[in-house]
>>> print(open('entry-v4.pdb').read())   # PDB, C-alpha atoms and all ligand atoms
MODEL        1
ATOM      1  CA  MET F 296      25.654 -16.435 -23.920
ATOM      2  CA  LYS F 297      23.657 -16.040 -20.686
ATOM      3  CA  THR F 298      20.596 -13.836 -20.257
ATOM      4  CA  ALA F 299      19.820 -11.576 -17.301
ATOM      5  CA  LEU F 300      16.746  -9.517 -16.499
ATOM      6  CA  ILE F 301      17.375  -6.425 -14.373
ATOM      7  CA  THR F 302      14.470  -4.491 -12.868
ATOM      8  CA  GLY F 303      14.970  -0.788 -12.177
ATOM      9  CA  ALA F 304      17.723  -0.304 -14.754
ATOM     10  CA  THR F 305      16.891   3.356 -15.450
ATOM     11  CA  SER F 306      19.238   4.545 -12.692
ATOM     12  CA  GLY F 307      21.507   3.679  -9.785
ATOM     13  CA  ILE F 308      22.316   0.071  -8.951
ATOM     14  CA  GLY F 309      20.238  -1.364 -11.807
ATOM     15  CA  GLU F 310      21.893   0.817 -14.430
ATOM     16  CA  ALA F 311      25.383  -0.024 -13.138
ATOM     17  CA  THR F 312      24.461  -3.717 -13.227
ATOM     18  CA  ALA F 313      23.316  -3.391 -16.836
ATOM     19  CA  TYR F 314      26.727  -1.959 -17.761
ATOM     20  CA  ILE F 315      28.754  -4.665 -16.046
ATOM     21  CA  LEU F 316      26.664  -7.496 -17.503
ATOM     22  CA  ALA F 317      26.672  -6.040 -21.035
ATOM     23  CA  GLU F 318      30.427  -5.536 -20.808
ATOM     24  CA  ASN F 319      30.783  -9.195 -19.850
ATOM     25  CA  ASN F 320      28.821 -10.571 -22.748
ATOM     26  CA  TYR F 321      25.434 -11.136 -21.107
ATOM     27  CA  ARG F 322      22.247 -10.656 -23.101
ATOM     28  CA  ILE F 323      20.300  -8.257 -20.929
ATOM     29  CA  ILE F 324      16.690  -7.295 -20.473
ATOM     30  CA  ILE F 325      16.539  -3.851 -18.894
ATOM     31  CA  THR F 326      13.284  -2.673 -17.328
ATOM     32  CA  GLY F 327      11.777   0.350 -15.592
ATOM     33  CA  ARG F 328       8.926   2.825 -16.005
ATOM     34  CA  ARG F 329      10.827   5.692 -17.669
ATOM     35  CA  LYS F 330      10.845   4.684 -21.334
ATOM     36  CA  GLU F 331      13.150   7.479 -22.537
ATOM     37  CA  ARG F 332      15.785   6.610 -19.937
ATOM     38  CA  LEU F 333      15.602   2.939 -20.869
ATOM     39  CA  GLU F 334      15.921   3.654 -24.590
ATOM     40  CA  ALA F 335      18.862   6.014 -23.948
ATOM     41  CA  LEU F 336      20.579   3.313 -21.866
ATOM     42  CA  LYS F 337      19.959   0.742 -24.580
ATOM     43  CA  THR F 338      21.534   3.063 -27.181
ATOM     44  CA  LYS F 339      24.598   3.664 -24.981
ATOM     45  CA  LEU F 340      25.051  -0.057 -24.285
ATOM     46  CA  ASN F 341      24.678  -0.873 -27.991
ATOM     47  CA  GLU F 342      27.325   1.707 -28.884
ATOM     48  CA  LYS F 343      29.778   0.367 -26.309
ATOM     49  CA  TYR F 344      29.248  -3.394 -26.276
ATOM     50  CA  GLN F 345      28.212  -6.249 -28.579
ATOM     51  CA  SER F 346      25.670  -7.752 -26.155
ATOM     52  CA  PRO F 347      22.018  -7.778 -27.264
ATOM     53  CA  VAL F 348      19.783  -5.542 -25.136
ATOM     54  CA  LEU F 349      15.989  -5.662 -24.810
ATOM     55  CA  ALA F 350      14.310  -2.655 -23.147
ATOM     56  CA  LEU F 351      10.883  -3.243 -21.586
ATOM     57  CA  THR F 352       8.810  -0.541 -19.951
ATOM     58  CA  PHE F 353       6.387  -1.562 -17.227
ATOM     59  CA  ASP F 354       5.370  -0.818 -13.672
ATOM     60  CA  ILE F 355       6.222  -3.765 -11.423
ATOM     61  CA  ARG F 356       3.277  -2.880  -9.156
ATOM     62  CA  GLN F 357       0.771  -3.859 -11.851
ATOM     63  CA  TYR F 358       0.654  -7.654 -12.018
ATOM     64  CA  ASN F 359      -1.365  -7.730 -15.239
ATOM     65  CA  GLU F 360       1.213  -5.515 -16.939
ATOM     66  CA  VAL F 361       4.136  -7.565 -15.621
ATOM     67  CA  ARG F 362       2.522 -10.846 -16.662
ATOM     68  CA  GLU F 363       1.627  -9.566 -20.106
ATOM     69  CA  VAL F 364       5.104  -8.201 -20.878
ATOM     70  CA  LEU F 365       7.182 -10.976 -19.304
ATOM     71  CA  GLY F 366       4.788 -13.723 -20.414
ATOM     72  CA  GLY F 367       5.082 -12.494 -23.999
ATOM     73  CA  LEU F 368       8.877 -12.282 -24.293
ATOM     74  CA  PRO F 369      10.225 -12.955 -27.791
ATOM     75  CA  LYS F 370      11.335 -16.601 -28.017
ATOM     76  CA  GLU F 371      15.052 -15.812 -28.040
ATOM     77  CA  TRP F 372      14.662 -13.883 -24.760
ATOM     78  CA  GLN F 373      12.651 -16.443 -22.798
ATOM     79  CA  ASP F 374      15.566 -18.396 -21.343
ATOM     80  CA  ILE F 375      16.519 -16.235 -18.344
ATOM     81  CA  ASP F 376      19.524 -17.317 -16.280
ATOM     82  CA  VAL F 377      19.726 -14.419 -13.826
ATOM     83  CA  LEU F 378      16.931 -12.272 -12.410
ATOM     84  CA  VAL F 379      18.047  -9.155 -10.545
ATOM     85  CA  ASN F 380      15.096  -7.956  -8.454
ATOM     86  CA  ASN F 381      16.442  -4.460  -7.931
ATOM     87  CA  ALA F 382      13.584  -2.004  -8.565
ATOM     88  CA  GLY F 383      12.489  -0.436  -5.313
ATOM     89  CA  LEU F 384      12.201   2.757  -3.370
ATOM     90  CA  ALA F 385      11.729   4.600  -0.118
ATOM     91  CA  VAL F 386       9.141   7.358  -0.114
ATOM     92  CA  GLY F 387       9.130   9.776   2.789
ATOM     93  CA  ALA F 388      10.839   9.575   6.184
ATOM     94  CA  ASP F 389       8.134  10.190   8.759
ATOM     95  CA  SER F 390       7.417   8.931  12.188
ATOM     96  CA  ILE F 391       4.924   6.034  12.145
ATOM     97  CA  ASP F 392       2.173   8.232  13.616
ATOM     98  CA  GLU F 393       2.621  10.789  10.857
ATOM     99  CA  GLY F 394       3.253   8.568   7.847
ATOM    100  CA  ASP F 395       1.390   9.127   4.602
ATOM    101  CA  LEU F 396      -0.822   6.264   3.462
ATOM    102  CA  ASP F 397       0.069   6.820  -0.186
ATOM    103  CA  ASP F 398       3.813   6.651   0.623
ATOM    104  CA  TRP F 399       3.252   3.416   2.536
ATOM    105  CA  ASN F 400       1.286   1.877  -0.342
ATOM    106  CA  ARG F 401       3.936   2.858  -2.888
ATOM    107  CA  MET F 402       6.677   1.174  -0.865
ATOM    108  CA  ILE F 403       4.683  -1.957  -0.060
ATOM    109  CA  ASP F 404       3.367  -2.310  -3.613
ATOM    110  CA  THR F 405       6.789  -1.792  -5.214
ATOM    111  CA  ASN F 406       9.265  -3.406  -2.843
ATOM    112  CA  ILE F 407       7.197  -6.440  -1.856
ATOM    113  CA  LYS F 408       4.398  -7.016  -4.351
ATOM    114  CA  GLY F 409       6.420  -5.806  -7.352
ATOM    115  CA  LEU F 410       9.287  -8.161  -6.526
ATOM    116  CA  LEU F 411       6.777 -11.008  -6.197
ATOM    117  CA  HIS F 412       5.048 -10.135  -9.483
ATOM    118  CA  VAL F 413       8.303 -10.244 -11.445
ATOM    119  CA  THR F 414       9.569 -13.376  -9.703
ATOM    120  CA  LYS F 415       6.300 -15.225 -10.317
ATOM    121  CA  SER F 416       6.476 -14.348 -14.024
ATOM    122  CA  ILE F 417      10.070 -15.551 -14.444
ATOM    123  CA  LEU F 418       9.994 -18.711 -12.334
ATOM    124  CA  PRO F 419       8.193 -21.075 -14.757
ATOM    125  CA  GLY F 420      11.150 -20.856 -17.192
ATOM    126  CA  MET F 421      13.751 -21.410 -14.468
ATOM    127  CA  LYS F 422      11.771 -24.313 -12.996
ATOM    128  CA  LYS F 423      11.468 -25.943 -16.393
ATOM    129  CA  LYS F 424      15.208 -25.946 -17.035
ATOM    130  CA  LYS F 425      15.989 -26.601 -13.361
ATOM    131  CA  SER F 426      18.485 -23.767 -13.067
ATOM    132  CA  GLY F 427      18.618 -20.053 -12.506
ATOM    133  CA  HIS F 428      19.785 -17.395 -10.084
ATOM    134  CA  ILE F 429      17.600 -14.818  -8.369
ATOM    135  CA  ILE F 430      19.335 -11.812  -6.822
ATOM    136  CA  ASN F 431      17.128  -9.820  -4.465
ATOM    137  CA  ILE F 432      18.359  -6.328  -3.645
ATOM    138  CA  ALA F 433      17.281  -5.905  -0.040
ATOM    139  CA  SER F 434      18.993  -3.421   2.297
ATOM    140  CA  ILE F 435      20.572  -2.935   5.700
ATOM    141  CA  ALA F 436      17.034  -1.629   6.331
ATOM    142  CA  GLY F 437      16.021  -5.292   6.077
ATOM    143  CA  LYS F 438      18.404  -6.202   8.909
ATOM    144  CA  GLU F 439      17.804  -3.272  11.282
ATOM    145  CA  VAL F 440      15.219  -0.571  11.816
ATOM    146  CA  TYR F 441      15.973   3.104  12.310
ATOM    147  CA  LEU F 442      14.168   6.289  13.286
ATOM    148  CA  LYS F 443      11.485   7.163  10.715
ATOM    149  CA  GLY F 444      12.465   4.191   8.557
ATOM    150  CA  ASN F 445       9.427   2.150   9.715
ATOM    151  CA  VAL F 446       7.560   1.042   6.569
ATOM    152  CA  TYR F 447      10.588   1.092   4.258
ATOM    153  CA  CYS F 448      12.426  -1.102   6.803
ATOM    154  CA  ALA F 449       9.407  -3.407   6.998
ATOM    155  CA  THR F 450       9.377  -3.868   3.215
ATOM    156  CA  LYS F 451      13.090  -4.687   3.184
ATOM    157  CA  HIS F 452      12.671  -7.112   6.102
ATOM    158  CA  ALA F 453      10.029  -8.732   3.884
ATOM    159  CA  VAL F 454      12.528  -8.988   1.019
ATOM    160  CA  ASP F 455      15.019 -10.598   3.407
ATOM    161  CA  ALA F 456      12.362 -13.120   4.482
ATOM    162  CA  LEU F 457      11.319 -13.794   0.890
ATOM    163  CA  SER F 458      14.927 -14.515  -0.080
ATOM    164  CA  LYS F 459      15.097 -17.147   2.664
ATOM    165  CA  ALA F 460      11.707 -18.563   1.709
ATOM    166  CA  MET F 461      12.507 -18.702  -2.012
ATOM    167  CA  ARG F 462      15.711 -20.563  -1.246
ATOM    168  CA  ILE F 463      13.728 -23.294   0.505
ATOM    169  CA  ASP F 464      10.870 -23.572  -1.987
ATOM    170  CA  LEU F 465      13.123 -23.472  -5.041
ATOM    171  CA  LEU F 466      15.682 -25.960  -3.724
ATOM    172  CA  PRO F 467      14.292 -28.839  -5.849
ATOM    173  CA  TYR F 468      14.849 -26.750  -8.994
ATOM    174  CA  HIS F 469      18.529 -25.896  -8.360
ATOM    175  CA  ILE F 470      17.628 -22.208  -8.372
ATOM    176  CA  LYS F 471      20.102 -20.076  -6.422
ATOM    177  CA  VAL F 472      18.795 -17.160  -4.363
ATOM    178  CA  THR F 473      21.099 -14.395  -3.180
ATOM    179  CA  ASN F 474      20.063 -11.568  -0.896
ATOM    180  CA  ILE F 475      22.214  -8.439  -1.210
ATOM    181  CA  ALA F 476      21.772  -5.893   1.560
ATOM    182  CA  PRO F 477      23.604  -2.617   0.953
ATOM    183  CA  GLY F 478      24.078   0.287   3.316
ATOM    184  CA  MET F 479      24.102   3.804   1.866
ATOM    185  CA  VAL F 480      24.547   3.912  -1.911
ATOM    186  CA  GLU F 481      24.527   7.266  -3.684
ATOM    187  CA  THR F 482      21.941   6.922  -6.451
ATOM    188  CA  GLU F 483      18.596   8.622  -7.051
ATOM    189  CA  PHE F 484      17.316   6.814  -3.951
ATOM    190  CA  SER F 485      17.358   9.830  -1.616
ATOM    191  CA  VAL F 486      15.988  12.221  -4.263
ATOM    192  CA  VAL F 487      13.034   9.838  -4.609
ATOM    193  CA  ARG F 488      12.697   9.428  -0.840
ATOM    194  CA  TYR F 489      12.593  13.209  -0.341
ATOM    195  CA  LYS F 490      10.275  13.697  -3.312
ATOM    196  CA  GLY F 491      12.679  15.721  -5.442
ATOM    197  CA  ASP F 492      14.204  17.822  -2.625
ATOM    198  CA  ARG F 493      17.860  17.704  -3.724
ATOM    199  CA  GLU F 494      19.125  19.622  -0.704
ATOM    200  CA  LYS F 495      17.727  17.018   1.667
ATOM    201  CA  ALA F 496      19.028  14.238  -0.569
ATOM    202  CA  ASP F 497      22.545  15.723  -0.701
ATOM    203  CA  GLU F 498      22.538  16.089   3.091
ATOM    204  CA  VAL F 499      22.254  12.293   3.408
ATOM    205  CA  TYR F 500      25.700  11.829   1.841
ATOM    206  CA  ARG F 501      27.342  14.977   3.270
ATOM    207  CA  ASP F 502      30.952  14.490   4.399
ATOM    208  CA  MET F 503      30.946  10.728   4.005
ATOM    209  CA  LYS F 504      31.816   8.370   1.193
ATOM    210  CA  PRO F 505      28.800   6.273   0.250
ATOM    211  CA  LEU F 506      28.848   3.159  -1.889
ATOM    212  CA  THR F 507      28.210   3.572  -5.610
ATOM    213  CA  GLY F 508      25.906   1.626  -7.895
ATOM    214  CA  LYS F 509      29.064   0.144  -9.411
ATOM    215  CA  ASP F 510      30.139  -1.267  -6.025
ATOM    216  CA  ILE F 511      26.894  -3.228  -5.850
ATOM    217  CA  ALA F 512      27.041  -4.213  -9.533
ATOM    218  CA  GLU F 513      30.532  -5.641  -8.999
ATOM    219  CA  THR F 514      29.189  -7.609  -6.030
ATOM    220  CA  ILE F 515      26.410  -9.016  -8.206
ATOM    221  CA  TRP F 516      29.002  -9.941 -10.814
ATOM    222  CA  PHE F 517      31.040 -11.813  -8.196
ATOM    223  CA  VAL F 518      27.978 -13.630  -6.878
ATOM    224  CA  ILE F 519      26.739 -14.842 -10.250
ATOM    225  CA  ASN F 520      30.175 -16.134 -11.163
ATOM    226  CA  ARG F 521      30.525 -18.677  -8.399
ATOM    227  CA  PRO F 522      30.665 -22.341  -9.503
ATOM    228  CA  ALA F 523      27.369 -24.233  -9.865
ATOM    229  CA  HIS F 524      27.744 -25.902  -6.454
ATOM    230  CA  VAL F 525      28.301 -22.590  -4.595
ATOM    231  CA  THR F 526      25.587 -20.104  -3.602
ATOM    232  CA  ILE F 527      26.242 -16.871  -1.742
ATOM    233  CA  ASN F 528      23.086 -16.634   0.356
ATOM    234  CA  ASP F 529      23.404 -13.189   1.864
ATOM    235  CA  ILE F 530      25.719 -10.204   1.648
ATOM    236  CA  LEU F 531      25.616  -7.126   3.890
ATOM    237  CA  ILE F 532      27.765  -4.516   2.175
ATOM    238  CA  MET F 533      28.469  -1.155   3.786
ATOM    239  CA  PRO F 534      30.421   2.023   3.139
ATOM    240  CA  THR F 535      33.484   1.912   5.372
ATOM    241  CA  SER F 536      32.267   5.074   7.079
ATOM    242  CA  GLN F 537      28.899   3.521   8.038
ATOM    243  CA  ALA F 538      28.964   0.937  10.849
ATOM    244  CA  ASN F 539      25.202   0.416  10.859
ATOM    245  CA  THR F 540      22.072   2.513  10.336
ATOM    246  CA  SER F 541      22.761   4.682  13.393
ATOM    247  CA  HIS F 542      26.558   5.047  13.427
ATOM    248  CA  LEU F 543      27.962   7.082  10.600
ATOM    249  CA  LEU F 544      31.321   8.844  10.422
ATOM    250  CA  ARG F 545      31.109  12.246   8.744
ATOM    251  CA  GLU F 546      34.512  13.676   7.822
ATOM    252  CA  ASN F 547      35.695  15.959   5.078
ATOM    253  CA  PHE F 548      36.689  13.897   2.059
TER     254      PHE F 548
HETATM  255  P1  LIG F 601      17.290   4.533  -7.791
HETATM  256  O1  LIG F 601      16.163   5.437  -7.400
HETATM  257  O2  LIG F 601      18.478   5.141  -8.423
HETATM  258  O3  LIG F 601      16.738   3.357  -8.722
HETATM  259  C1  LIG F 601      15.517   2.725  -8.470
HETATM  260  C2  LIG F 601      15.065   2.000  -9.711
HETATM  261  O4  LIG F 601      13.819   1.328  -9.415
HETATM  262  C3  LIG F 601      14.796   2.921 -10.881
HETATM  263  O5  LIG F 601      15.353   2.371 -12.040
HETATM  264  C4  LIG F 601      13.279   2.951 -10.984
HETATM  265  O6  LIG F 601      12.888   3.077 -12.349
HETATM  266  C5  LIG F 601      12.908   1.562 -10.473
HETATM  267  N1  LIG F 601      11.525   1.506 -10.007
HETATM  268  C6  LIG F 601      11.001   2.135  -8.916
HETATM  269  N2  LIG F 601       9.680   1.898  -8.840
HETATM  270  C7  LIG F 601       9.359   1.104  -9.903
HETATM  271  C8  LIG F 601       8.148   0.527 -10.381
HETATM  272  N3  LIG F 601       6.990   0.723  -9.740
HETATM  273  N4  LIG F 601       8.188  -0.217 -11.503
HETATM  274  C9  LIG F 601       9.355  -0.419 -12.151
HETATM  275  N5  LIG F 601      10.534   0.093 -11.754
HETATM  276  C10 LIG F 601      10.526   0.853 -10.645
HETATM  277  O7  LIG F 601      17.705   3.773  -6.449
HETATM  278  P2  LIG F 601      18.768   2.601  -6.158
HETATM  279  O8  LIG F 601      19.505   2.210  -7.372
HETATM  280  O9  LIG F 601      19.520   3.006  -4.967
HETATM  281  O10 LIG F 601      17.766   1.457  -5.703
HETATM  282  C11 LIG F 601      17.786   0.144  -6.216
HETATM  283  C12 LIG F 601      17.411  -0.828  -5.099
HETATM  284  O11 LIG F 601      18.418  -0.774  -4.093
HETATM  285  C13 LIG F 601      16.093  -0.513  -4.389
HETATM  286  O12 LIG F 601      15.405  -1.708  -4.164
HETATM  287  C14 LIG F 601      16.541   0.107  -3.071
HETATM  288  O13 LIG F 601      15.595  -0.078  -2.052
HETATM  289  C15 LIG F 601      17.808  -0.678  -2.824
HETATM  290  N6  LIG F 601      18.759  -0.100  -1.898
HETATM  291  C16 LIG F 601      19.246   1.157  -2.104
HETATM  292  C17 LIG F 601      20.152   1.703  -1.212
HETATM  293  C18 LIG F 601      20.663   3.099  -1.340
HETATM  294  O14 LIG F 601      21.184   3.637  -0.342
HETATM  295  N7  LIG F 601      20.586   3.732  -2.496
HETATM  296  C19 LIG F 601      20.658   0.915  -0.079
HETATM  297  C20 LIG F 601      20.067  -0.389   0.029
HETATM  298  C21 LIG F 601      19.181  -0.874  -0.856
HETATM  299  P3  LIG F 601      11.689   3.996 -12.896
HETATM  300  O15 LIG F 601      11.574   5.175 -11.970
HETATM  301  O16 LIG F 601      12.128   4.347 -14.280
HETATM  302  O17 LIG F 601      10.520   3.097 -12.872
HETATM  303  C1  LIG F 602      18.633   2.209   1.772
HETATM  304  C2  LIG F 602      19.618   2.364   2.873
HETATM  305  O1  LIG F 602      19.940   3.114   5.299
HETATM  306  O2  LIG F 602      18.550   4.523   3.858
HETATM  307  O3  LIG F 602      18.054   0.946   1.760
HETATM  308  O4  LIG F 602      17.729   2.427   4.655
HETATM  309  S1  LIG F 602      18.911   3.144   4.230
ENDMDL
END
>>> encode(input="entry-v4.pdb", output="structure tokens")
Amino acid sequence: MKTALITGATSGIGEATAYILAENNYRIIITGRRKERLEALKTKLNEKYQSPVLALTFDIRQYNEVREVLGGLPKEWQDIDVLVNNAGLAVGADSIDEGDLDDWNRMIDTNIKGLLHVTKSILPGMKKKKSGHIINIASIAGKEVYLKGNVYCATKHAVDALSKAMRIDLLPYHIKVTNIAPGMVETEFSVVRYKGDREKADEVYRDMKPLTGKDIAETIWFVINRPAHVTINDILIMPTSQANTSHLLRENF
């Protein structure tokens, strides 16, 4: 039985990934800050599937917290085969001259430093056994920039660069690194970006058919099931109605 650690499993892409991996007999470590959500997910997964589930609450921005929790994993959970670096967020959508410093710090600390904190804590185990697979959830925002996307786009460009860099540095350890860059996925992403304003969040997906968390989870499942000699380096996955960040087809569905 393989073990996967998924960050940001309390909603969206991470939650959908937890379901698909549990259904397919993976032992899974689900993480996030919202303890009640995590415990509820663990209960649901336990009711539905046989796979063991470990729920760990921590904030990926706090390195001491990350190191303490992931460094102290129970023995039977220490052998991690797949790390899904999914936790992340956009906060605000302002022009660069009007951006809020706190929003910028939250994005930089979560999307870049948080991903590094978790990766650094998991790598010693993967290096030791000379195998493992790291999946970094980047974004089309890591391939292009768009109006008022500035700092979020910069953090996702950083994830894209880190995926490439990890692939080079971890080559001697047979560790695969896959960068997955989705376009619009309907999750809690926009509610978080617009700080709880559901009307603004719903407007993002008005009259178009976005991707779902399950679409990305199924992509992760495909990627981690390639033979040992095959690595999918990078996937840009879009809703059919979104050509890129500035060309979107809105039609009544
Ligand atoms: P959601 O808001 O639904 O999920 C985000 C997850 O990240 C939550 O589980 C949240 O958990 C977790 N998270 C956020 N901050 C922290 C933190 N400081 N510590 C620990 N966990 C944290 O959004 P998505 O599922 O859409 O987002 C998942 C990833 O996909 C993100 O990296 C996002 O940038 C990326 N992405 C999303 C796209 C979209 O259109 N939705 C498109 C492209 C990429 P909690 O709040 O409980 O801590
Ligand atoms: C989220 C997708 O287009 O809002 O990463 O940046 S987008």
>>> resolve_selection(input="entry-v4.pdb", expression="the PyMOL selection byres (((chain F and resi 424-436) around 9) and not hetatm)", output="MDAnalysis selection string")
chainID F and resid 374:383 406 410 414 418:423 437:441 444 447:455 457:458 467:479 515 518:519 531:533 539:540
>>> axis_aligned_box(input="entry-v4.pdb", around="segment 474-485 of chain F", padding_each_side="6 Å", output="JSON")
{"center_x": 20.9, "center_y": -0.9, "center_z": -1.9, "size_x": 19.2, "size_y": 33.4, "size_z": 22.4}
>>> atom_distance(input="entry-v4.pdb", atom1="atom O8 of ligand LIG 601 (chain F)", atom2="atom CA of Gln345 of chain F")
24.4 Å
>>> residues_near_ligand(input="entry-v4.pdb", ligand="ligand LIG 601 (chain F)", cutoff="7 Å", atoms="all atoms listed in the file", output="ChimeraX atom specification")
/F:302-309,326-329,353-356,381-385,405-406,409,432-435,476-485,487,508
>>> closest_residue(input="entry-v4.pdb", among="F:Leu300, F:Ile391, F:Leu316, F:Leu368", to="Asn520 of chain F", atoms="all atoms listed in the file")
F:Leu316
>>> closest_residue(input="entry-v4.pdb", among="F:Tyr314, F:Tyr344, F:Tyr500, F:Tyr358", to="ligand LIG 602 (chain F)", atoms="only C-alpha atoms and all ligand atoms")
F:Tyr500
